[in-house]
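What's in coords.txt: compact mmCIF, C-alpha atoms
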```
# COMPACT_ATOMS: atom_id res chain seq x y z
CA MET A 311 -39.15 77.28 26.79
CA TYR A 312 -42.46 76.28 25.32
CA THR A 313 -44.25 76.57 28.67
CA ASN A 314 -42.98 80.17 29.02
CA PHE A 315 -44.39 80.90 25.60
CA LEU A 316 -47.72 79.45 26.64
CA PHE A 317 -47.82 81.57 29.78
CA PHE A 318 -47.10 84.69 27.67
CA LEU A 319 -49.92 83.72 25.30
CA ASN A 320 -52.36 83.38 28.19
CA GLU A 321 -51.78 87.06 29.04
CA LEU A 322 -53.17 88.23 25.58
CA PRO A 323 -56.92 87.45 25.53
CA PRO A 324 -57.86 88.20 21.82
CA PHE A 325 -55.33 85.99 20.10
CA LYS A 326 -55.35 83.54 22.96
CA ARG A 327 -57.19 80.64 21.33
CA ILE A 328 -55.51 81.00 17.94
CA LEU A 329 -52.10 81.22 19.45
CA GLU A 330 -52.91 78.37 21.74
CA LYS A 331 -53.88 76.24 18.80
CA MET A 332 -50.74 77.26 16.93
CA ALA A 333 -48.63 76.50 19.93
CA ALA A 334 -50.31 73.17 20.36
CA THR A 335 -49.72 72.17 16.78
CA LEU A 336 -46.14 73.43 16.99
CA LEU A 337 -45.57 71.44 20.12
CA LYS A 338 -47.05 68.37 18.50
CA SER A 339 -44.92 68.77 15.45
CA VAL A 340 -41.84 69.44 17.57
CA ARG A 341 -42.58 66.45 19.68
CA ALA A 342 -43.16 64.48 16.56
CA THR A 343 -39.87 65.58 15.10
CA ASN A 344 -38.23 64.82 18.42
CA CYS A 345 -39.65 61.39 18.31
CA LEU A 346 -38.59 61.00 14.74
CA GLN A 347 -35.15 62.18 15.68
CA THR A 348 -34.83 59.72 18.47
CA VAL A 349 -36.12 57.01 16.27
CA ALA A 350 -33.77 57.98 13.54
CA ARG A 351 -30.86 58.21 15.90
CA ARG A 352 -31.49 54.82 17.38
CA ILE A 353 -32.92 52.69 14.66
CA VAL A 354 -31.57 53.95 11.38
CA PRO A 355 -27.91 53.34 12.17
CA ARG A 356 -28.70 49.85 13.35
CA ALA A 357 -30.69 49.11 10.28
CA SER A 358 -28.02 50.50 8.06
CA CYS A 359 -25.37 48.51 9.80
CA VAL A 360 -27.33 45.34 9.50
CA SER A 361 -28.02 45.98 5.88
CA LEU A 362 -24.38 46.73 5.30
CA ILE A 363 -23.38 43.50 6.96
CA HIS A 364 -25.85 41.59 4.87
CA CYS A 365 -24.46 43.25 1.80
CA ARG A 366 -20.94 42.41 2.80
CA GLN A 367 -21.83 38.81 3.44
CA GLU A 368 -23.52 38.59 0.14
CA ASN A 369 -20.49 40.07 -1.50
CA ARG A 370 -18.32 37.60 0.33
CA ASN A 371 -20.50 34.73 -0.71
CA LEU A 372 -20.37 35.93 -4.25
CA HIS A 373 -16.61 36.17 -4.08
CA ILE A 374 -16.32 32.72 -2.58
CA CYS A 375 -18.67 31.31 -5.15
CA SER A 376 -16.75 32.84 -7.97
CA ARG A 377 -13.47 31.49 -6.67
CA SER A 378 -14.80 28.02 -6.13
CA LYS A 379 -16.49 28.05 -9.45
CA SER A 380 -13.17 28.58 -11.11
CA LEU A 381 -11.77 25.73 -9.06
CA LEU A 382 -14.67 23.47 -9.90
CA THR A 383 -14.35 23.86 -13.61
CA PRO A 384 -12.07 21.07 -14.72
CA GLN A 385 -8.86 22.32 -16.20
CA ILE A 386 -7.89 19.25 -18.14
CA SER A 387 -8.01 20.90 -21.45
CA SER A 388 -4.24 21.11 -21.42
CA LEU A 389 -3.75 17.48 -20.41
CA GLU A 390 -4.19 14.78 -22.93
CA THR A 391 -5.27 11.45 -21.61
CA ASN A 392 -2.51 9.02 -22.27
CA ARG A 393 -3.20 5.38 -21.73
CA SER A 394 -0.47 2.88 -21.46
CA TYR A 395 -0.77 -0.79 -20.74
CA ALA A 396 1.87 -3.03 -19.28
CA GLY A 397 2.74 -6.06 -21.27
CA LYS A 398 5.14 -8.93 -20.95
CA ALA A 399 8.18 -9.09 -23.12
CA GLU A 400 7.75 -11.42 -26.01
CA PHE A 401 9.74 -14.58 -25.68
CA THR A 402 9.87 -17.71 -27.75
CA ILE A 403 10.43 -21.20 -26.48
CA SER A 404 14.03 -21.17 -27.64
CA ASP A 405 14.74 -18.12 -25.46
CA VAL A 406 13.21 -19.89 -22.50
CA GLU A 407 15.25 -23.01 -23.23
CA GLN A 408 18.44 -20.97 -23.35
CA ARG A 409 17.66 -19.38 -20.01
CA VAL A 410 16.92 -22.76 -18.42
CA MET A 411 20.20 -24.17 -19.71
CA LEU A 412 22.10 -21.15 -18.39
CA VAL A 413 20.62 -21.55 -14.92
CA LEU A 414 21.51 -25.22 -14.89
CA GLN A 415 25.04 -24.61 -16.01
CA LEU A 416 25.50 -22.07 -13.21
CA TYR A 417 24.42 -24.63 -10.63
CA ASP A 418 27.52 -25.86 -8.85
CA LYS A 419 26.55 -29.51 -8.64
CA VAL A 420 26.01 -29.83 -12.36
CA ASP A 421 28.72 -30.39 -14.95
CA PRO A 422 28.08 -27.72 -17.63
CA GLU A 423 29.19 -29.86 -20.54
CA LYS A 424 26.98 -32.80 -19.72
CA VAL A 425 23.73 -30.82 -19.62
CA THR A 426 21.45 -31.22 -22.61
CA MET A 427 17.82 -30.38 -23.12
CA SER A 428 16.62 -33.85 -22.33
CA SER A 429 19.05 -34.85 -19.59
CA HIS A 430 17.14 -36.19 -16.62
CA PHE A 431 18.10 -34.49 -13.34
CA ILE A 432 18.13 -37.58 -11.19
CA ASN A 433 19.03 -40.35 -13.63
CA ASP A 434 21.50 -38.55 -15.92
CA LEU A 435 22.91 -35.69 -13.92
CA GLY A 436 23.14 -37.53 -10.59
CA LEU A 437 21.20 -35.02 -8.53
CA ASP A 438 19.04 -36.07 -5.59
CA SER A 439 15.59 -34.82 -4.65
CA LEU A 440 16.95 -32.00 -2.48
CA ASP A 441 19.02 -30.75 -5.40
CA HIS A 442 15.95 -31.01 -7.58
CA VAL A 443 14.09 -28.72 -5.18
CA GLU A 444 16.96 -26.24 -5.36
CA VAL A 445 16.97 -26.32 -9.16
CA ILE A 446 13.23 -25.64 -9.29
CA MET A 447 13.67 -22.75 -6.83
CA ALA A 448 16.36 -21.30 -9.10
CA MET A 449 13.96 -21.54 -12.04
CA GLU A 450 11.31 -19.72 -9.98
CA ASP A 451 13.83 -16.94 -9.33
CA GLU A 452 14.82 -16.75 -12.97
CA PHE A 453 11.33 -16.51 -14.43
CA GLY A 454 9.72 -14.63 -11.55
CA PHE A 455 6.71 -16.81 -10.74
CA GLU A 456 6.09 -19.53 -8.18
CA ILE A 457 5.87 -23.15 -9.24
CA PRO A 458 3.55 -25.19 -6.96
CA ASP A 459 4.80 -28.40 -5.38
CA MET A 460 2.61 -30.74 -7.40
CA ASP A 461 3.92 -29.38 -10.69
CA ALA A 462 7.49 -29.15 -9.44
CA GLU A 463 7.87 -32.88 -8.75
CA ARG A 464 6.93 -33.77 -12.34
CA LEU A 465 9.55 -31.50 -13.95
CA MET A 466 12.56 -33.75 -14.41
CA THR A 467 14.29 -32.47 -17.55
CA PRO A 468 15.15 -28.97 -18.83
CA LYS A 469 12.80 -29.56 -21.74
CA ASP A 470 9.91 -30.19 -19.32
CA ILE A 471 10.72 -26.99 -17.46
CA ALA A 472 10.88 -24.91 -20.63
CA GLN A 473 7.59 -26.32 -21.86
CA TYR A 474 5.96 -25.69 -18.46
CA VAL A 475 7.21 -22.09 -18.29
CA CYS A 476 5.95 -21.38 -21.79
CA ASP A 477 2.55 -22.83 -20.98
CA LYS A 478 2.28 -20.83 -17.77
CA GLU A 479 3.40 -17.57 -19.29
CA ASP A 480 1.49 -17.96 -22.56
CA PHE A 481 4.48 -17.25 -24.71
CA PHE A 482 4.01 -17.43 -28.40
CA THR A 483 5.22 -20.79 -29.63
CA PRO A 484 5.62 -20.72 -33.40
CA MET B 206 18.27 -44.71 -6.92
CA ALA B 207 17.33 -48.29 -7.65
CA GLY B 208 15.55 -48.66 -4.35
CA ARG B 209 13.32 -45.69 -5.04
CA ASN B 210 10.72 -47.75 -6.81
CA ALA B 211 10.47 -50.05 -3.84
CA MET B 212 9.54 -47.21 -1.50
CA THR B 213 6.46 -47.79 0.57
CA LEU B 214 3.64 -45.30 0.69
CA LYS B 215 4.70 -44.17 4.16
CA GLN B 216 8.23 -43.49 2.98
CA PHE B 217 6.90 -41.62 -0.01
CA MET B 218 4.70 -39.45 2.23
CA LEU B 219 7.61 -38.72 4.57
CA ARG B 220 9.85 -37.83 1.67
CA SER B 221 7.30 -35.39 0.29
CA GLU B 222 7.00 -33.88 3.80
CA VAL B 223 10.74 -33.37 3.95
CA LEU B 224 10.87 -31.84 0.48
CA LYS B 225 7.97 -29.51 1.29
CA LEU B 226 9.74 -28.37 4.45
CA TYR B 227 12.97 -27.84 2.52
CA ARG B 228 11.18 -25.74 -0.06
CA ASN B 229 9.44 -23.62 2.63
CA ILE B 230 12.73 -23.03 4.43
CA LEU B 231 14.48 -21.98 1.23
CA ARG B 232 11.62 -19.62 0.36
CA THR B 233 11.71 -18.04 3.84
CA VAL B 234 15.49 -17.69 3.72
CA LYS B 235 15.18 -15.70 0.51
CA GLU B 236 13.28 -13.03 2.46
CA ILE B 237 16.09 -12.29 4.92
CA PRO B 238 16.97 -8.61 4.44
CA ASP B 239 20.69 -8.90 5.13
CA ASP B 240 22.82 -10.30 2.32
CA TYR B 241 25.46 -12.07 4.37
CA TYR B 242 22.99 -13.74 6.73
CA ARG B 243 20.85 -14.86 3.83
CA ASN B 244 23.74 -16.81 2.31
CA GLU B 245 24.71 -18.16 5.72
CA MET B 246 21.21 -19.42 6.50
CA ALA B 247 20.83 -20.95 3.04
CA LYS B 248 24.10 -22.82 3.46
CA TRP B 249 23.18 -23.91 6.98
CA ALA B 250 19.78 -25.28 5.89
CA ARG B 251 21.31 -27.12 2.95
CA ASP B 252 24.01 -28.71 5.08
CA ASP B 253 21.56 -29.72 7.81
CA PHE B 254 19.29 -31.47 5.35
CA ARG B 255 22.15 -33.27 3.65
CA LYS B 256 23.56 -34.40 6.96
CA ASN B 257 20.33 -36.23 7.80
CA LYS B 258 19.71 -37.55 4.32
CA HIS B 259 20.80 -41.07 5.23
CA LEU B 260 18.21 -41.55 8.01
CA THR B 261 15.80 -44.42 7.44
CA ASP B 262 14.08 -44.76 10.81
CA GLU B 263 10.57 -43.43 10.57
CA MET B 264 10.49 -41.93 14.11
CA ALA B 265 13.85 -40.23 13.64
CA ILE B 266 12.72 -38.71 10.36
CA LYS B 267 9.51 -37.45 11.99
CA MET B 268 11.51 -35.89 14.85
CA MET B 269 13.77 -34.13 12.37
CA ILE B 270 10.78 -32.85 10.43
CA SER B 271 9.18 -31.35 13.56
CA LYS B 272 12.51 -29.79 14.61
CA GLY B 273 12.78 -28.28 11.17
CA LYS B 274 9.27 -26.87 11.38
CA MET B 275 10.09 -25.22 14.72
CA SER B 276 13.24 -23.69 13.26
CA LEU B 277 11.23 -22.41 10.33
CA LYS B 278 8.77 -20.69 12.67
CA GLU B 279 11.62 -19.06 14.60
CA LEU B 280 13.18 -17.90 11.34
CA GLU B 281 9.91 -16.35 10.20
CA GLN B 282 9.52 -14.47 13.51
CA SER B 283 13.06 -13.15 13.45
CA ILE B 284 12.56 -11.92 9.88
CA VAL B 285 9.43 -10.05 10.98
CA HIS B 286 11.40 -8.47 13.85
CA ALA B 287 14.28 -7.53 11.56
CA LYS B 288 11.96 -5.91 9.04
CA TRP B 289 10.21 -3.93 11.80
CA PHE B 290 13.53 -2.64 13.10
CA ASP B 291 14.63 -1.78 9.59
CA LYS B 292 11.51 0.28 9.08
CA ASN B 293 11.99 2.14 12.38
CA ARG B 294 15.62 2.83 11.67
CA ILE B 295 14.81 4.49 8.38
CA PHE B 296 12.12 6.61 10.06
CA LYS B 297 14.50 7.79 12.78
CA SER B 298 17.20 8.84 10.34
CA ASN B 299 14.72 11.07 8.54
CA ILE B 300 14.10 13.21 11.62
CA SER B 301 17.67 13.63 12.82
CA ILE B 302 18.52 17.02 14.29
CA TYR B 303 21.67 17.62 12.30
CA GLY B 304 19.82 17.29 9.01
```
If you convert what's in this file into structure tokens, what do you get?
Amino acid sequence: MYTNFLFFLNELPPFKRILEKMAATLLKSVRATNCLQTVARRIVPRASCVSLIHCRQENRNLHICSRSKSLLTPQISSLETNRSYAGKAEFTISDVEQRVMLVLQLYDKVDPEKVTMSSHFINDLGLDSLDHVEVIMAMEDEFGFEIPDMDAERLMTPKDIAQYVCDKEDFFTP
Amino acid sequence: MAGRNAMTLKQFMLRSEVLKLYRNILRTVKEIPDDYYRNEMAKWARDDFRKNKHLTDEMAIKMMISKGKMSLKELEQSIVHAKWFDKNRIFKSNISIYG
């Protein structure tokens, strides 16, 4: 279409150069706009898309950050720190002695009436060393802690056992 | 009882061996998971020890001690097995199909 216009212009000699110049500039501008158009058509959408994506990611990051921030802030304002410590029940030596006597009286080889605090297992109550081991095991069960062998063979009367248990467990002895 | 003071050192050592073994057996028996078998094993151990209480020959006592130690090891292994099976049984019942 432009070439036809140029041919028509060539037919008119007086305005030829002016029109030629005008046509040339028009062509240039049209070509320029064409170029711009193509550029715009190709590049601008891509750029916009990329920018949009960046924006979206930023938004996402912001959202994520805001959510995690709320998670990170400690929410222990409603909780009160309660501390509780475990402690042993308070016993006295008389309680321990009563428990020792009860365990002995429940033992089938021992006569309940003959048992006193200072009755010797082997000499007075007629038990042998195997029975002694069983009695010490029963005491371990009753008071919940293990008595080593070396200590066990010294404990020959209920009084000894009660004293030993109190020493081991640090009961208050008034 | 009167002859206890006249015990020789060797007899004293053997006696303490026997008592130590007795204590270990009783402690292991306490760990048996089943109630009935626990009482049975405790009674069995007690009777076995009392049966051989009268032995005075050193070699015989040593043989009995080693037999007792072997029985103790077997008992410990069977307790480990029983506890393992107990644990598996509980796990299986949790995933039963019928809920």
Would you give me, as a list in words, the residues of chain A that come within 9 Å of chain B, using all atoms listed in the file?
Ile432, Asn433, Asp438, Ser439, Leu440, Val443, Glu444, Met447 and Asp459 of chain A
- Query: Which distance in Å separates atom CA of Leu435 of chain A and atom CA of Lys419 of chain A, to one decimal?
  - Reply: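 Between atom CA of Leu435 of chain A and atom CA of Lys419 of chain A the gap works out to 8.9 Å.
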Item to check | Distance query segment 237-240 of chain B at most 10 Å, only C-alpha atoms, self and fewer than 2 positions along chain excluded, as a PyMOL selection string | outcome: chain B and resi 232-235+242-246+280-281+283-285+287-288+291
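Atom CA of Met466 of chain A is positioned 5.6 Å from atom CA of His430 of chain A.
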note - atom CA of Phe431 of chain A and atom CA of Leu416 of chain A are separated by 14.5 Å
Legend entry - Contact residues around Lys424 of chain A with only C-alpha atoms at 10 Å, ignoring same-chain residues under 5 positions, as an MDAnalysis selection string: chainID A and resid 415 429 434:435
In terms of only C-alpha atoms, the residue from A:Ile457, A:Leu336, A:Ala448, A:Cys476 at minimal distance from Val413 of chain A is A:Ala448
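For segment 268-275 of chain B, the residues within 9 Å (counting all atoms listed in the file, excluding itself and residues fewer than 6 positions away along the chain) are Leu219, Glu222, Val223, Leu226, Tyr227, Ile230 and Asn257 of chain B.
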